[in-house]
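Enquirer: This structure is in structure tokens; I'll ask about it shortly.
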Amino acid sequence: MSEDVICIVRPDGDLVVLNPAFERIFGWTLQEVQVMPRFHLLHPDDVATTLEAMQRLAEGASPSIFENRYRCRDGSYRWLSWNTVFDRERGLVFAIAHDVTLRKRNEEDLRKSEERYRALFEDAILGIYRTTPDGRILSANTALVEMLGYENVESLKAINLEVLDYFAPSYSRTQFKEKIEREDVIRGEEGAWKRKDGSIVYVRENARCIRGADGRVRYYEGSVEDISDRKRAEAALRESEANFRRIYEWLPLGYQSLDGDGRLLDVNDAWCRALGYRREDVIGRSFENLLDASARLSFADCFARLKEAGSLFGVAIDLVSGQGETRHMQFNARVEHDAEGRFIRTHCTMHDVTEQARLDQERRQVETRLQQAQKLESLSVLAGGVAHDFNNLLTGIIGYASLMLVDLPLRSPLRHQAEQILAASRRAAGLAGQMLAFSGRGKFVLQSIDLSVLTENLQELVAAAVGHARLEFRPASEPVWIEVDLDQLHQALLNLVANAAEAIGKEEGRIIVRTGKMAADREFLKEVYPDEPLPEGEYAFIEVEDSGCGMNEATKARVFDPFFSTKFSGRGLGLAAVLGIVRGHNGRIKIRTAPGQGTTFTLLFPQARPYKSNEAADRIGDVKGAPARRQTILVIDDEEIVRELANSVLGRAGYRVILAKDGHEGLEAFSAARTEIDLVFLDLTMPRLSGGQAYKQLRLLKPEVRVALTSGYNRDERPRAFEGLTHLPFIKKPYRPDELTEFIRRQLEKNS
């Protein structure tokens, strides 16, 4: 049974015979086909060509071969290739057809493939070529022609590559042929080719060797990518990187890069110089290992914040240098991410602010010292003013109480009351003295003493102040001499021991008083009171240590404030007076304390040469006899109670007294009785006309006038007030009646 379609038809197309193969191929029976209109199953596009073929046969043409399509029962079309012969005697066309649908499909696919290839070949942005081993260019696309600067494909194909290296690649034609025939494939070969005008184009070439069935090379085909822009970008990048590297290496700021685990990926020379490390010694190390111990706790949090925020600026971190020193660094950092936002590394610039931090600390210390000095100066002015007013009032109280004792009978019940007034007044005078000591301008009577001897004499003085505590004295094993006012130093130590006892409270504890010599270096002198420069060297010291409750930083900062106390409402100057006394002796105080660990006060004093002091008695005895001639004293004082006291005391001593309430009234009184007045007793501090101004006017009235001064201040407290008057005799308020009469008598005897 034939697989091909066999049929007999008349020239007009009527079907005579059709074998079963047609039904097998198309699904239509002979009966169905016979009743269908002519050409009903023929593809519309093939009707004309089929009629033309039949017409040629009818006209006596030789056997005709043609192809057409018929519709299948399922609606698809299949191709038949006809071979036909016309029998003129019978008037019939004998035809045989072979199903060529598969071939036609293959041909169509091939055509479409060739069209796609041609489109790709011509439209490709890459240059595409095919060359023979003997150097002929078989084909080249438009991209390659334009890339090499030729007018058209023909002008490019006119070149023979074996005759001359027209493209002047960086490797020769011979090298190219040897490599591609050896390896069959070349991938990613980069080189510089010469264009027609002599300029250079940088290319990246992929090529393969095509061989025939006999293994011989037929041709080479390949693609060429113009990478000139990339090469220029790479060159610019290399130049940029070189510039960056030069800046990176010469930049005065340190630079570092960290990976996600905080390990160092890179550092520059400035970083190495700042911290004293070699690059090879730190790359790969954890940055955390270079941190100061105090900075390690916060680094993990800081690194996490950097990763989250992407950048941080002005971060202060303390690093340990290669020499073991702590360096204060300030960082600016940002995170580098990839295209998908994943962490790659950090980039950090580092600025060494150690010197700046030191200067800032020194500035703060200077500001603190200035504030402390201003505070002390303000309090000194206040304390001096209050002490002056106290002394004026106490002069009257002590004077009149002393006169009461002189006038009262020995058995009078009022004597005890007068004695209590005197005792209270002396305590008030002591408080005024402490106020002056706090100001640092109290009157000091300096003498050289051995601290070891001092502590022995102090035991009974301070024993009553220690309460339940056990008091221990640990004097130096050798003499330690300082020049101090003994009474003031006694007061300072008494205040320190009393403060130690209060810190211990009702619990059992220990107070230790030490003396000796010590070498004070810069570190020790960093935090001393007052915070004023003191040279390094050896100093004498007195130390009071207690086992009490200790102090926190806030309490320590206020410990020298007047009337400050943590136990109960402040009741005195206490440690403030201690600071004033030590400051007045050009000394310093060092405090070591912590909550629950007790407190140690160390008093530093300059050492002095030992010598024996001839302490003159400064006590004034009873009033001696009245002068042979009744002498006249002019008392000029703005305080009425002081004037009246002087009038009573000096009048009892046999002097004639003239009173004036201020400088102007005093000048008027002196003018009226200048020949009678033997001595002017002049208060230094008065309103309207001061004592100094009044003295100058008195000298104009009588150059040889005799003047004695008095004031609630002394020469050390108000040096300007005493300017030009230091040669005049002086007695400080408050004074007792016997002290006043003795002072006046001595002045009159000197001038007689």
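To be explicit about the labels: the chains of the structure tokens are called A, B, and onward in the order shown, and within each one the residues are counted from 1, while ligands get numbers from 1 in the order they are shown.
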Find the residues around Cys348 of chain A up to 7 Å (only C-alpha atoms counted), leave out those fewer than 3 positions away in its own chain, and share them as a PyMOL selection string.

Expert: chain A and resi 255-257+331-334

Enquirer: Dump N, CA, C and O atoms for the selected residues as a PDB file, in the first residue's frame?

Expert:
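Result written to part_36.pdb:
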ATOM      1  N   TYR A 255      43.030  57.204  59.753  1.00  0.00           N
ATOM      2  CA  TYR A 255      41.941  56.514  59.069  1.00  0.00           C
ATOM      3  C   TYR A 255      42.008  55.044  59.433  1.00  0.00           C
ATOM      4  O   TYR A 255      43.092  54.455  59.534  1.00  0.00           O
ATOM      5  N   GLN A 256      40.830  54.452  59.631  1.00  0.00           N
ATOM      6  CA  GLN A 256      40.766  53.016  59.859  1.00  0.00           C
ATOM      7  C   GLN A 256      39.486  52.471  59.259  1.00  0.00           C
ATOM      8  O   GLN A 256      38.507  53.197  59.064  1.00  0.00           O
ATOM      9  N   SER A 257      39.517  51.172  58.963  1.00  0.00           N
ATOM     10  CA  SER A 257      38.350  50.486  58.435  1.00  0.00           C
ATOM     11  C   SER A 257      38.154  49.210  59.229  1.00  0.00           C
ATOM     12  O   SER A 257      39.127  48.500  59.532  1.00  0.00           O
ATOM     13  N   PHE A 331      36.154  60.320  66.695  1.00  0.00           N
ATOM     14  CA  PHE A 331      35.913  59.589  65.458  1.00  0.00           C
ATOM     15  C   PHE A 331      34.689  60.126  64.720  1.00  0.00           C
ATOM     16  O   PHE A 331      33.684  60.496  65.339  1.00  0.00           O
ATOM     17  N   ASN A 332      34.803  60.139  63.379  1.00  0.00           N
ATOM     18  CA  ASN A 332      33.661  60.262  62.481  1.00  0.00           C
ATOM     19  C   ASN A 332      33.621  58.981  61.661  1.00  0.00           C
ATOM     20  O   ASN A 332      34.661  58.575  61.109  1.00  0.00           O
ATOM     21  N   ALA A 333      32.463  58.339  61.586  1.00  0.00           N
ATOM     22  CA  ALA A 333      32.419  57.019  60.950  1.00  0.00           C
ATOM     23  C   ALA A 333      31.158  56.890  60.100  1.00  0.00           C
ATOM     24  O   ALA A 333      30.118  57.484  60.390  1.00  0.00           O
ATOM     25  N   ARG A 334      31.295  56.104  59.027  1.00  0.00           N
ATOM     26  CA  ARG A 334      30.132  55.743  58.216  1.00  0.00           C
ATOM     27  C   ARG A 334      30.301  54.304  57.765  1.00  0.00           C
ATOM     28  O   ARG A 334      31.413  53.742  57.779  1.00  0.00           O
TER      29      ARG A 334
END

Enquirer: With a distance cut-off of 12 Å and only C-alpha atoms, select the neighbouring residues of Pro479 of chain A, excluding the residue or stretch itself and same-chain residues fewer than 5 positions from it, and output the selection as a list in words.

Expert: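 Using only C-alpha atoms, the neighbours found are Ser448, Ile449, Asp450, Leu451, Ser452, Val453, Leu454, Thr455, Thr515, Gly516, Lys517, Ala540, Phe541, Gln607, Ala608, Arg609, Pro610 and Tyr611 of chain A.
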
Enquirer: List the neighbours of segment 555-562 of chain A out to 7 Å using only C-alpha atoms; skip same-chain residues closer than 4 positions along the sequence, and give me the result as a PyMOL selection string.

Expert: chain A and resi 551+573+575-576+579

Enquirer: Which one of A:Gly574, A:Gly548, A:Pro595, A:Pro606 sits closest to Val484 of chain A if you count only C-alpha atoms?

Expert: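 So, comparing all the options, the nearest one is A:Pro606.
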
Enquirer: Please provide the set of residues having any atom within 12 Å of segment 397-405 of chain A, restricted to only C-alpha atoms, with same-chain residues fewer than 6 positions apart removed, written as a ChimeraX atom specification.

Expert: /A:390-391,411-429,622,641-653,733-741

Enquirer: Can you tell me how far atom CA of His727 of chain A sits from atom CA of Arg706 of chain A, in Å to one decimal?

Expert: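 Separating atom CA of His727 of chain A from atom CA of Arg706 of chain A is a distance of 11.7 Å.
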
Enquirer: If I take atom CA of Asp214 of chain A and atom CA of Arg136 of chain A, how far is one from the other in Å, to one decimal?

Expert: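 Taking atom CA of Asp214 of chain A as the start and atom CA of Arg136 of chain A as the end point, the length is 21.1 Å.
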
Enquirer: How far is it from atom CA of Asp123 of chain A to atom CA of Val145 of chain A, in Å with one decimal?

Expert: 12.3 Å

Enquirer: Would you please work out which residue, of A:Glu543, A:Leu667, A:Leu701, A:Pro530, is nearest to Thr368 of chain A when using only C-alpha atoms?

Expert: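 Result for the nearest residue to Thr368 of chain A: A:Pro530.
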
Enquirer: If you run DSSP over the backbone, which residues in segment 150-246 of chain A end up alpha helix (DSSP H)? Put them as a ChimeraX atom specification.

Expert: /A:153-157,173-183,228-246

Enquirer: For segment 312-327 of chain A, list every protein, DNA or RNA residue within 8 Å, evaluated using only C-alpha atoms, and leave out those in the same chain fewer than 6 positions away; present the list as a ChimeraX atom specification.

Expert: /A:274-277,290-292,294-295,306,333-334,352-354

Enquirer: Create the file for the chosen residues now, containing all heavy atoms and written as a compact mmCIF listing (two decimals), in the first residue's frame.

Expert:
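File produced: selection-v4.txt:
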# COMPACT_ATOMS: atom_id res chain seq x y z
N ALA A 274 49.94 58.31 65.24
CA ALA A 274 49.21 58.81 66.41
C ALA A 274 49.23 57.81 67.56
O ALA A 274 49.30 58.19 68.73
CB ALA A 274 47.77 59.15 66.03
N LEU A 275 49.18 56.50 67.22
CA LEU A 275 49.06 55.49 68.27
C LEU A 275 50.32 54.66 68.46
O LEU A 275 50.37 53.83 69.39
CB LEU A 275 47.89 54.56 67.95
CG LEU A 275 46.50 55.22 68.06
CD1 LEU A 275 45.42 54.29 67.54
CD2 LEU A 275 46.22 55.62 69.48
N GLY A 276 51.32 54.86 67.63
CA GLY A 276 52.59 54.18 67.86
C GLY A 276 52.57 52.70 67.53
O GLY A 276 53.28 51.91 68.18
N TYR A 277 51.77 52.29 66.54
CA TYR A 277 51.75 50.89 66.10
C TYR A 277 52.25 50.78 64.67
O TYR A 277 52.20 51.76 63.91
CB TYR A 277 50.32 50.32 66.15
CG TYR A 277 49.75 50.15 67.53
CD1 TYR A 277 48.81 51.06 68.02
CD2 TYR A 277 50.11 49.08 68.33
CE1 TYR A 277 48.26 50.90 69.28
CE2 TYR A 277 49.57 48.92 69.59
CZ TYR A 277 48.64 49.83 70.06
OH TYR A 277 48.11 49.67 71.31
N LEU A 290 42.34 47.40 71.47
CA LEU A 290 43.17 48.60 71.55
C LEU A 290 42.53 49.66 72.44
O LEU A 290 43.14 50.71 72.67
CB LEU A 290 43.39 49.19 70.15
CG LEU A 290 44.00 48.26 69.10
CD1 LEU A 290 44.16 49.00 67.80
CD2 LEU A 290 45.34 47.72 69.57
N LEU A 291 41.32 49.40 72.91
CA LEU A 291 40.60 50.41 73.68
C LEU A 291 41.08 50.45 75.12
O LEU A 291 41.49 49.43 75.69
CB LEU A 291 39.09 50.13 73.67
CG LEU A 291 38.40 50.17 72.31
CD1 LEU A 291 36.94 49.80 72.46
CD2 LEU A 291 38.53 51.53 71.68
N ASP A 292 40.98 51.65 75.71
CA ASP A 292 41.19 51.78 77.14
C ASP A 292 40.10 50.99 77.85
O ASP A 292 38.98 50.85 77.36
CB ASP A 292 41.11 53.26 77.52
CG ASP A 292 41.41 53.50 78.99
OD1 ASP A 292 42.59 53.46 79.37
OD2 ASP A 292 40.45 53.72 79.76
N SER A 294 38.18 51.60 80.23
CA SER A 294 36.94 52.34 80.49
C SER A 294 36.09 52.47 79.24
O SER A 294 34.88 52.70 79.34
CB SER A 294 37.27 53.73 81.05
OG SER A 294 38.03 54.47 80.11
N ALA A 295 36.69 52.33 78.06
CA ALA A 295 35.94 52.52 76.80
C ALA A 295 35.39 51.21 76.25
O ALA A 295 34.51 51.24 75.39
CB ALA A 295 36.84 53.17 75.76
N LEU A 306 26.27 52.43 65.17
CA LEU A 306 26.84 52.80 63.87
C LEU A 306 26.26 51.94 62.76
O LEU A 306 25.88 52.44 61.70
CB LEU A 306 28.36 52.66 63.92
CG LEU A 306 29.10 52.86 62.58
CD1 LEU A 306 28.83 54.24 62.02
CD2 LEU A 306 30.60 52.63 62.76
N ALA A 333 32.46 58.34 61.59
CA ALA A 333 32.42 57.02 60.95
C ALA A 333 31.16 56.89 60.10
O ALA A 333 30.12 57.48 60.39
CB ALA A 333 32.45 55.92 62.01
N ARG A 334 31.30 56.10 59.03
CA ARG A 334 30.13 55.74 58.22
C ARG A 334 30.30 54.30 57.77
O ARG A 334 31.41 53.74 57.78
CB ARG A 334 29.97 56.67 57.01
CG ARG A 334 31.05 56.53 55.96
CD ARG A 334 30.73 57.38 54.73
NE ARG A 334 31.74 57.23 53.70
CZ ARG A 334 31.75 56.25 52.80
NH1 ARG A 334 30.82 55.32 52.84
NH2 ARG A 334 32.71 56.17 51.88
N ASP A 352 43.25 63.01 66.88
CA ASP A 352 43.83 62.93 68.23
C ASP A 352 43.54 64.24 68.96
O ASP A 352 44.06 65.30 68.60
CB ASP A 352 45.34 62.69 68.13
CG ASP A 352 45.96 62.38 69.49
OD1 ASP A 352 45.30 62.65 70.52
OD2 ASP A 352 47.09 61.88 69.54
N VAL A 353 42.68 64.17 69.98
CA VAL A 353 42.32 65.36 70.74
C VAL A 353 42.91 65.31 72.15
O VAL A 353 42.41 65.95 73.07
CB VAL A 353 40.78 65.52 70.81
CG1 VAL A 353 40.21 65.77 69.44
CG2 VAL A 353 40.12 64.30 71.45
N THR A 354 43.98 64.50 72.32
CA THR A 354 44.58 64.37 73.64
C THR A 354 45.06 65.72 74.16
O THR A 354 44.79 66.11 75.31
CB THR A 354 45.76 63.38 73.59
OG1 THR A 354 45.30 62.13 73.07
CG2 THR A 354 46.34 63.17 74.98

Enquirer: With only C-alpha atoms as the atoms that count, which of A:Arg182, A:Arg296, A:Arg195, A:Arg173 lies nearest to Tyr150 of chain A?

Expert: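 Checking each candidate against Tyr150 of chain A, we get A:Arg195 as the closest.
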
Enquirer: May I have the residues within 12 Å of segment 152-162 of chain A as an MDAnalysis selection string, using only C-alpha atoms and disregarding those fewer than 3 positions away in the same chain?

Expert: chainID A and resid 122 127:149 165:169 172:174 176:177 195:196

Enquirer: Hey, can you spit out that residue selection with N, CA and C atoms as a short mmCIF file (atom, residue, chain, number, x, y, z; two decimals), in the first residue's frame?

Expert:
data_model
loop_
_atom_site.label_atom_id
_atom_site.label_comp_id
_atom_site.auth_asym_id
_atom_site.auth_seq_id
_atom_site.Cartn_x
_atom_site.Cartn_y
_atom_site.Cartn_z
N GLU A 122 23.55 41.84 12.39
CA GLU A 122 23.62 43.23 11.96
C GLU A 122 23.31 44.21 13.10
N GLY A 127 31.03 43.83 17.90
CA GLY A 127 31.54 43.55 16.56
C GLY A 127 31.66 42.04 16.36
N ILE A 128 31.18 41.55 15.18
CA ILE A 128 31.22 40.12 14.88
C ILE A 128 31.94 39.93 13.55
N TYR A 129 32.80 38.92 13.51
CA TYR A 129 33.59 38.70 12.29
C TYR A 129 33.73 37.21 12.04
N ARG A 130 34.16 36.92 10.80
CA ARG A 130 34.56 35.56 10.42
C ARG A 130 35.74 35.72 9.47
N THR A 131 36.87 35.08 9.81
CA THR A 131 38.10 35.20 8.99
C THR A 131 38.67 33.82 8.73
N THR A 132 39.41 33.75 7.65
CA THR A 132 40.05 32.48 7.29
C THR A 132 41.48 32.46 7.80
N PRO A 133 42.06 31.27 7.92
CA PRO A 133 43.45 31.19 8.38
C PRO A 133 44.42 31.95 7.48
N ASP A 134 44.07 32.12 6.16
CA ASP A 134 44.99 32.84 5.28
C ASP A 134 44.78 34.36 5.34
N GLY A 135 43.92 34.85 6.25
CA GLY A 135 43.82 36.29 6.50
C GLY A 135 42.68 36.99 5.85
N ARG A 136 41.81 36.25 5.05
CA ARG A 136 40.69 36.91 4.41
C ARG A 136 39.57 37.14 5.43
N ILE A 137 38.88 38.26 5.28
CA ILE A 137 37.72 38.56 6.14
C ILE A 137 36.48 38.13 5.39
N LEU A 138 35.83 37.08 5.87
CA LEU A 138 34.64 36.56 5.20
C LEU A 138 33.41 37.40 5.49
N SER A 139 33.27 37.83 6.71
CA SER A 139 32.11 38.65 7.06
C SER A 139 32.45 39.52 8.26
N ALA A 140 31.70 40.62 8.36
CA ALA A 140 31.86 41.53 9.50
C ALA A 140 30.56 42.33 9.62
N ASN A 141 30.10 42.54 10.80
CA ASN A 141 28.85 43.28 10.96
C ASN A 141 29.11 44.79 11.07
N THR A 142 28.00 45.53 11.08
CA THR A 142 28.08 46.99 11.07
C THR A 142 28.82 47.51 12.31
N ALA A 143 28.56 46.85 13.47
CA ALA A 143 29.19 47.32 14.71
C ALA A 143 30.70 47.27 14.61
N LEU A 144 31.25 46.20 13.98
CA LEU A 144 32.70 46.09 13.86
C LEU A 144 33.23 47.12 12.88
N VAL A 145 32.50 47.34 11.77
CA VAL A 145 32.92 48.34 10.79
C VAL A 145 33.02 49.71 11.45
N GLU A 146 31.99 50.07 12.21
CA GLU A 146 32.00 51.38 12.86
C GLU A 146 33.05 51.45 13.96
N MET A 147 33.23 50.34 14.66
CA MET A 147 34.21 50.31 15.74
C MET A 147 35.61 50.62 15.23
N LEU A 148 35.93 50.08 13.99
CA LEU A 148 37.27 50.25 13.44
C LEU A 148 37.37 51.45 12.50
N GLY A 149 36.27 52.16 12.31
CA GLY A 149 36.33 53.41 11.57
C GLY A 149 36.35 53.28 10.07
N ASP A 165 49.35 43.73 9.81
CA ASP A 165 48.50 43.83 11.01
C ASP A 165 47.79 45.17 11.01
N TYR A 166 46.72 45.21 10.22
CA TYR A 166 46.01 46.48 10.09
C TYR A 166 45.48 46.98 11.44
N PHE A 167 45.03 46.03 12.25
CA PHE A 167 44.43 46.42 13.52
C PHE A 167 45.48 46.63 14.62
N ALA A 168 46.72 46.21 14.33
CA ALA A 168 47.83 46.35 15.28
C ALA A 168 47.43 45.93 16.69
N PRO A 169 46.93 44.73 16.87
CA PRO A 169 46.57 44.28 18.22
C PRO A 169 47.82 44.17 19.08
N SER A 172 50.33 39.56 18.20
CA SER A 172 50.40 39.45 16.73
C SER A 172 49.40 38.43 16.20
N ARG A 173 49.18 38.48 14.87
CA ARG A 173 48.28 37.53 14.19
C ARG A 173 48.78 36.11 14.38
N THR A 174 50.09 35.95 14.33
CA THR A 174 50.68 34.61 14.50
C THR A 174 50.36 34.07 15.89
N PHE A 176 47.84 34.89 17.76
CA PHE A 176 46.40 34.63 17.81
C PHE A 176 46.09 33.27 17.19
N LYS A 177 46.67 32.99 15.99
CA LYS A 177 46.39 31.73 15.31
C LYS A 177 46.91 30.55 16.11
N ARG A 195 42.51 51.80 14.88
CA ARG A 195 41.45 52.13 13.93
C ARG A 195 42.04 52.61 12.60
N LYS A 196 41.19 52.79 11.61
CA LYS A 196 41.66 53.21 10.29
C LYS A 196 42.39 54.54 10.35
#

Enquirer: Which residue gives the smallest distance to Pro63 of chain A among A:Leu126, A:Val35, A:Ala95, A:Val224, with only C-alpha atoms counted?

Expert: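 Under the stated criterion, the closest residue is A:Ala95.
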